[in-house]
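Single-structure report; data block below.
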Amino acid sequence: MSLTNKLFCGLTLLVQAAAAIAATAGDHALTLYAEPPAYAEDFSHFAYVNPDAPKGGTLRLSGFGSFDSLNGFISRGASADQLSLIYNTLTFHALDEPFTEYGLIAERIERAEDNTWVRFHLRPEARFHDGKAVTAADVVFTFNTLIEQGAPFYKAYYGGVKEVVADSDLSVTFHFHDGENRELPLVLGQLPVLPAHYWAERDFSKTTLEPPLGSGPYRISNVSGGRNITYERVSDYWAADLPVQKGFYNFDRVIVDYYRDTGVALEAFKAGQFDLNQEVSAKNWATGYDSPALREGAIIKEEIPNLNVQGMQGFVFNVRRPMFEDHRVREAISLLFDFEWSNSALFHNAYTRTDSFFDNSELGASGLPGPGELALLEPWREHVPAAVFAQAYSPPKTDGSGIIREQMREAYSLLQEAGWKIVDDRLVNEAGEHLKFEFLIAQADFERVLLPYKRNLASLGIELTLRRVDVSQYINRLRSRDFDMVVTGFGQSNSPGNEQLDYWHSSSADNPGSRNLMGLQDPAVDALVEGLIRADSRESLINHTRALDRVLLAGHYVVPNFHTTVYRVAHWDKFAHPETSPRYDLGLYTWWVDADKATALKGKPAPVTVQED
């Protein structure tokens, strides 16, 4: 053998050896504190799926309002529902573990011992829908594009990343500014990978109704702007047989039809115009589904346990507004929401009052602060309300009669302390300015919740105006912070992390599109959020969430609403789902169409078509 041939063979062996090392480097899963994942490396499928679920049929869903964009990554337009179906992420989040990520596009994941970088080794078989391979260059492109042109959320969410480097076609490394954020490697695993070659000829910063190229289990097959969108299952989906995808995505088509009114949507569901409705209204759940189809068993109502942390839903004050700057004013306005009466008269006693930003979990504060919380709170004793240390937060409680004289007296006392008084049936300050504000909503059926609240406010001379706008205007006004008060929820996971920056941190207060709707800028909150992200143990994480919970509650930035610990799902009797539901998700895409049930439904009289005005 010539010297040249020997050198060539030696180089080939080195390349093969390097490839073999890369293929086995790292782990098949990532956990937050390096604890063992629930599923071993050789697992075949998740416990909450049916790996033999039949493929076929159609799932028809409803959307609210309208949409004018298929680019859900930017702060422009109203994006269509279910767009995540067309994309794959580097990893797949297990639905029965608090926070574990298993490789999807990434076959293996390496993490530095000091947590200063994470490396993803990509699967060579990963493909976009046009057949081109998913490469490290696509990951780099995606990350940089989202940071530079995506919604402001991404810059905060990925702020701990110093740079991302494509080591080879199938290996990409994210380098961090420091090793303090243990969650960051898992957060990056959730990155949807976009095709660089597709976007090279398009403007990412603009809205579009052209179906984007993806790599996920579905592609968009039909779009009727603002009215409906159809997703079609990819028959040769590259990841269909991976353990993390087996048993998922069993419908041949997913169709989303849009309705401008939730009342019309409910009637359309009962008329058979779509298949499944996840109900958020207690009144509708109690009485709204009554119909021949329900009585005959053609419509099934299920309450499926929801074991997730219940984040805060509430009426959010925009503290950028001068009348809401004083926490005493916010507390007084909060006192006038009569949950007990509303729960009985409006909600059929279906709800529990929310008293924590991390309700239904060990993450929420209770009682007085423990030693771990006190260590975090003491440096801020002179800055945060005294109530943080002296008493456990408890929302006001009434007798449910609708008469709230005690709460009114307490509220008026707080308002007087803050410089307000009633003059000629109007609550005014020393400058004679009337305390009045606007509540911005997009759903008409929420007015019934607000009208009794409006009356209670009026009893102290406070004027509340309800302003209902269409969905696109609502989104734009939220982004521009052009509102006084809105109702929204702050969803939480069992392992809170980077998203807390977007919710509460000063850096997000002025970012259009961030979730810091109240405009919160508080150094104590900032310090607790930053410490939460850097927590190096579950115990430390819990202490930080509880301390943060106390400070947020004592600030009265929202009027706490209510929650339920079940998913309320109504569906036409054509579906089946695994006996074991995922612990932390509804698991809709583990369901499938049961052919026998679907055939039986076809034999029944066709429902009457409902048209939306």
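Every chain in the structure tokens has a letter given in the order shown (A, B, ...), and although residue numbers restart at 1 in each chain, ligands are simply numbered from 1 in the order shown.
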All residues 9 Å or closer to Leu601 in chain A, only C-alpha atoms, same chain fewer than 4 positions away omitted, as a PDB file with N, CA and C atoms, in the first residue's frame:
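File selection-v4.pdb, as written:
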ATOM      1  N   ALA A 298     -74.277  10.945  21.870  1.00  0.00           N
ATOM      2  CA  ALA A 298     -73.428  11.275  20.726  1.00  0.00           C
ATOM      3  C   ALA A 298     -72.344  12.285  21.117  1.00  0.00           C
ATOM      4  N   TRP A 572     -67.528  14.883  20.369  1.00  0.00           N
ATOM      5  CA  TRP A 572     -68.410  13.927  19.709  1.00  0.00           C
ATOM      6  C   TRP A 572     -67.820  12.540  19.869  1.00  0.00           C
ATOM      7  N   ASP A 573     -68.683  11.559  20.004  1.00  0.00           N
ATOM      8  CA  ASP A 573     -68.259  10.211  20.380  1.00  0.00           C
ATOM      9  C   ASP A 573     -67.683   9.458  19.181  1.00  0.00           C
ATOM     10  N   LYS A 574     -66.512   9.937  18.740  1.00  0.00           N
ATOM     11  CA  LYS A 574     -65.820   9.253  17.655  1.00  0.00           C
ATOM     12  C   LYS A 574     -64.348   9.021  18.004  1.00  0.00           C
ATOM     13  N   ASP A 596     -65.106   2.420  14.516  1.00  0.00           N
ATOM     14  CA  ASP A 596     -66.452   1.909  14.802  1.00  0.00           C
ATOM     15  C   ASP A 596     -67.346   3.020  15.347  1.00  0.00           C
ATOM     16  N   LYS A 597     -66.802   3.828  16.253  1.00  0.00           N
ATOM     17  CA  LYS A 597     -67.590   4.931  16.797  1.00  0.00           C
ATOM     18  C   LYS A 597     -67.927   5.944  15.706  1.00  0.00           C
ATOM     19  N   PRO A 605     -78.964  11.064  12.536  1.00  0.00           N
ATOM     20  CA  PRO A 605     -79.406  12.198  11.713  1.00  0.00           C
ATOM     21  C   PRO A 605     -78.367  13.299  11.690  1.00  0.00           C
TER      22      PRO A 605
END
Neighbouring residues of Asp594 in chain A were defined as those with any atom within 12 Å, considering only C-alpha atoms; residues of the same chain fewer than 2 positions away were excluded. Please report them as a ChimeraX atom specification.
/A:53-59,250-251,572-578,591-592,596-601
One decimal, Å: what's the distance from CA of Arg448 in chain A over to CA of Phe64 in chain A, could you say?
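So the answer is 18.5 Å.
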Excluding range 170-172 of chain A and its own-chain neighbours fewer than 4 positions away, which residues fall within 9 Å of it when counting only C-alpha atoms? Please give them as a ChimeraX atom specification.
/A:22,106,118-124,134-137,139-140,164-166
In terms of the shortest atom-to-atom distance over only C-alpha atoms, which of A:Glu163, A:Leu346, A:Gln473, A:Tyr258 is closest to Leu451 in chain A?
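Between A:Glu163, A:Leu346, A:Gln473, A:Tyr258, the residue approaching Leu451 in chain A most closely is A:Leu346.
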Assign secondary structure with DSSP using the backbone only, and return the residues of range 395-573 of chain A in alpha helix (DSSP H) as number ranges by chain.
A: 405-417, 447-458, 471-479, 499-504, 523-534, 538-555
Contacts of Tyr289 in chain A at 10 Å or less, counting only C-alpha atoms, minus same-chain residues fewer than 2 places along, as a list in words?
Leu266, Glu267, Phe269, Lys270, Lys283, Asn284, Trp285, Ala286, Thr287, Ser291, Pro292, Ala293, Leu294, Arg295, Ile299, Ile300, Lys301 and Ala570 of chain A
Writer output for current selection, C-alpha atoms, as an mmCIF file, in the first residue's frame:
data_model
loop_
_atom_site.group_PDB
_atom_site.id
_atom_site.type_symbol
_atom_site.label_atom_id
_atom_site.label_comp_id
_atom_site.auth_asym_id
_atom_site.auth_seq_id
_atom_site.Cartn_x
_atom_site.Cartn_y
_atom_site.Cartn_z
ATOM 1 C CA LEU A 266 -70.746 26.410 21.301
ATOM 2 C CA GLU A 267 -73.871 26.153 19.171
ATOM 3 C CA PHE A 269 -70.119 22.402 18.303
ATOM 4 C CA LYS A 270 -73.521 21.041 19.324
ATOM 5 C CA LYS A 283 -71.916 28.053 33.139
ATOM 6 C CA ASN A 284 -71.555 26.492 29.708
ATOM 7 C CA TRP A 285 -70.218 23.302 31.245
ATOM 8 C CA ALA A 286 -73.178 23.054 33.620
ATOM 9 C CA THR A 287 -75.994 23.909 31.224
ATOM 10 C CA SER A 291 -79.013 18.901 23.505
ATOM 11 C CA PRO A 292 -80.445 15.767 21.888
ATOM 12 C CA ALA A 293 -76.907 14.745 20.955
ATOM 13 C CA LEU A 294 -75.786 14.875 24.588
ATOM 14 C CA ARG A 295 -78.844 13.025 25.842
ATOM 15 C CA ILE A 299 -71.657 14.034 22.677
ATOM 16 C CA ILE A 300 -69.470 12.976 25.603
ATOM 17 C CA LYS A 301 -68.491 15.285 28.483
ATOM 18 C CA ALA A 570 -66.691 17.821 25.409
#
Among the residues of range 337-525 of chain A, find those DSSP assigns to strand (DSSP E) from the backbone and print them as an NGL selection string.
:A and (352-353 or 358-359 or 421-423 or 426-428 or 436-441 or 463-468 or 485-490)
What's around Gly367 in chain A at 10 Å? Count only C-alpha atoms, leave out sequence neighbours fewer than 5 positions away in its own chain, and write the answer as a list in words.
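Near neighbours after the sequence-gap exclusion: Ala390, Gln391, Ala392, Tyr393 and Ser394 of chain A.
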Take the selection from the previous step and output its residues with C-alpha atoms, as a short mmCIF file (atom, residue, chain, number, x, y, z; two decimals), in the first residue's frame.
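The file below, selection_28.cif, is the result:
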data_model
loop_
_atom_site.label_atom_id
_atom_site.label_comp_id
_atom_site.auth_asym_id
_atom_site.auth_seq_id
_atom_site.Cartn_x
_atom_site.Cartn_y
_atom_site.Cartn_z
CA ALA A 390 -46.09 39.51 58.99
CA GLN A 391 -48.96 37.54 57.48
CA ALA A 392 -49.87 34.95 54.90
CA TYR A 393 -51.77 36.32 51.92
CA SER A 394 -55.45 35.46 51.81
#
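Each of A:Val319, A:Leu376, A:Leu191, A:Ile542 was compared to Asp484 in chain A using only C-alpha atoms, and A:Val319 turns out to be the nearest.
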Selection near Pro243 in chain A, 9 Å with only C-alpha atoms, sequence-local residues under 5 positions removed, as a list in words
Asp42, Phe43, Ser44, His45 and Phe46 of chain A
Within 8 Å of Trp341 in chain A, counting only C-alpha atoms, which residues show up once you throw out same-chain ones fewer than 6 positions away? Write them as a PyMOL selection string, please.
chain A and resi 398-402
Output file for the selection above: N, CA and C atoms, as a short mmCIF file (atom, residue, chain, number, x, y, z; two decimals), in the first residue's frame:
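The resulting file, result-v6.cif, is reproduced below:
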data_model
loop_
_atom_site.label_atom_id
_atom_site.label_comp_id
_atom_site.auth_asym_id
_atom_site.auth_seq_id
_atom_site.Cartn_x
_atom_site.Cartn_y
_atom_site.Cartn_z
N THR A 398 -66.15 36.69 51.23
CA THR A 398 -67.48 37.21 51.59
C THR A 398 -68.40 36.05 51.96
N ASP A 399 -69.61 36.37 52.38
CA ASP A 399 -70.56 35.31 52.72
C ASP A 399 -71.37 34.83 51.53
N GLY A 400 -71.10 35.41 50.35
CA GLY A 400 -71.77 34.96 49.14
C GLY A 400 -73.15 35.55 48.93
N SER A 401 -73.56 36.43 49.81
CA SER A 401 -74.90 37.02 49.69
C SER A 401 -74.96 38.13 48.65
N GLY A 402 -73.80 38.64 48.25
CA GLY A 402 -73.76 39.79 47.35
C GLY A 402 -73.68 41.11 48.10
#
Contact table range 498-559 of chain A vs range 329-340 of chain A, cut-off 10 Å, shortest pair per residue, only C-alpha atoms, as a tab-separated table:
residue	atom	partner	partner_atom	distance
A:Ala554	CA	A:Glu331	CA	8.9
A:Gly555	CA	A:Glu331	CA	8.2
A:His556	CA	A:Glu331	CA	5.7
A:Tyr557	CA	A:Arg330	CA	7.0
A:Val558	CA	A:Ser334	CA	7.6
A:Val559	CA	A:Ser334	CA	5.0
Requested write-out: N, CA and C atoms of the selected residues, as an mmCIF file, in the first residue's frame:
data_model
loop_
_atom_site.group_PDB
_atom_site.id
_atom_site.type_symbol
_atom_site.label_atom_id
_atom_site.label_comp_id
_atom_site.auth_asym_id
_atom_site.auth_seq_id
_atom_site.Cartn_x
_atom_site.Cartn_y
_atom_site.Cartn_z
ATOM 1 N N ALA A 554 -48.324 40.573 47.745
ATOM 2 C CA ALA A 554 -48.384 41.763 48.596
ATOM 3 C C ALA A 554 -48.435 43.047 47.781
ATOM 4 N N GLY A 555 -47.977 42.983 46.517
ATOM 5 C CA GLY A 555 -48.008 44.166 45.662
ATOM 6 C C GLY A 555 -49.357 44.425 45.027
ATOM 7 N N HIS A 556 -50.264 43.451 45.078
ATOM 8 C CA HIS A 556 -51.623 43.607 44.528
ATOM 9 C C HIS A 556 -51.587 44.090 43.070
ATOM 10 N N TYR A 557 -50.814 43.374 42.260
ATOM 11 C CA TYR A 557 -50.723 43.735 40.838
ATOM 12 C C TYR A 557 -51.865 43.145 40.015
ATOM 13 N N VAL A 558 -52.568 42.178 40.585
ATOM 14 C CA VAL A 558 -53.738 41.593 39.923
ATOM 15 C C VAL A 558 -54.846 41.411 40.949
ATOM 16 N N VAL A 559 -56.063 41.357 40.458
ATOM 17 C CA VAL A 559 -57.196 40.924 41.276
ATOM 18 C C VAL A 559 -57.330 39.424 41.026
#
Distance criterion (only C-alpha atoms): nearest to Glu183 in chain A out of A:Phe347, A:Phe92, A:Tyr157, A:Tyr474
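Ranked by minimum distance to Glu183 in chain A, first place goes to A:Tyr157.
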Using only C-alpha atoms for the distances, tell me which of A:Pro582, A:Gly419, A:Gly491, A:Gly247 is nearest to Val49 in chain A.
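Closest to Val49 in chain A of all the choices is A:Gly247.
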To one decimal in Å, tell me the separation between CA of Ala126 in chain A and CA of Gln245 in chain A.
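We find that CA of Ala126 in chain A and CA of Gln245 in chain A lie 13.2 Å from each other.
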Minimum-distance residue to Asn228 in chain A, chosen among A:Gly364, A:Gly288, A:Pro192, A:Gly65 (using only C-alpha atoms)
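Between A:Gly364, A:Gly288, A:Pro192, A:Gly65, the residue approaching Asn228 in chain A most closely is A:Gly65.
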List every residue of range 265-318 of chain A that has an atom at most 12 Å from any atom of range 425-439 of chain A, and for each one report the closest atom pair and its distance in Å to one decimal, counting only C-alpha atoms, with rows sorted by chain and then by increasing residue number, as CSV.
residue,atom,partner,partner_atom,distance
A:Phe315,CA,A:Phe439,CA,8.8
A:Val316,CA,A:Phe439,CA,9.5
A:Phe317,CA,A:Phe439,CA,9.6
A:Asn318,CA,A:Phe437,CA,10.4
Generate the output file for the selected residues, N, CA and C atoms, as a PDB file, in the first residue's frame.
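Output file out18.pdb follows:
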ATOM      1  N   PHE A 315     -57.487  39.915  37.064  1.00  0.00           N
ATOM      2  CA  PHE A 315     -57.664  41.208  36.422  1.00  0.00           C
ATOM      3  C   PHE A 315     -56.356  41.973  36.643  1.00  0.00           C
ATOM      4  N   VAL A 316     -55.658  42.279  35.575  1.00  0.00           N
ATOM      5  CA  VAL A 316     -54.309  42.834  35.672  1.00  0.00           C
ATOM      6  C   VAL A 316     -54.354  44.356  35.605  1.00  0.00           C
ATOM      7  N   PHE A 317     -53.753  44.993  36.614  1.00  0.00           N
ATOM      8  CA  PHE A 317     -53.605  46.446  36.625  1.00  0.00           C
ATOM      9  C   PHE A 317     -52.422  46.839  35.739  1.00  0.00           C
ATOM     10  N   ASN A 318     -52.605  47.854  34.928  1.00  0.00           N
ATOM     11  CA  ASN A 318     -51.485  48.457  34.210  1.00  0.00           C
ATOM     12  C   ASN A 318     -50.924  49.563  35.106  1.00  0.00           C
TER      13      ASN A 318
END
Closest of A:Phe357, A:Thr89, A:Met408, A:Ile255 to Ala458 in chain A - atom-to-atom distances counting only C-alpha atoms
A:Met408
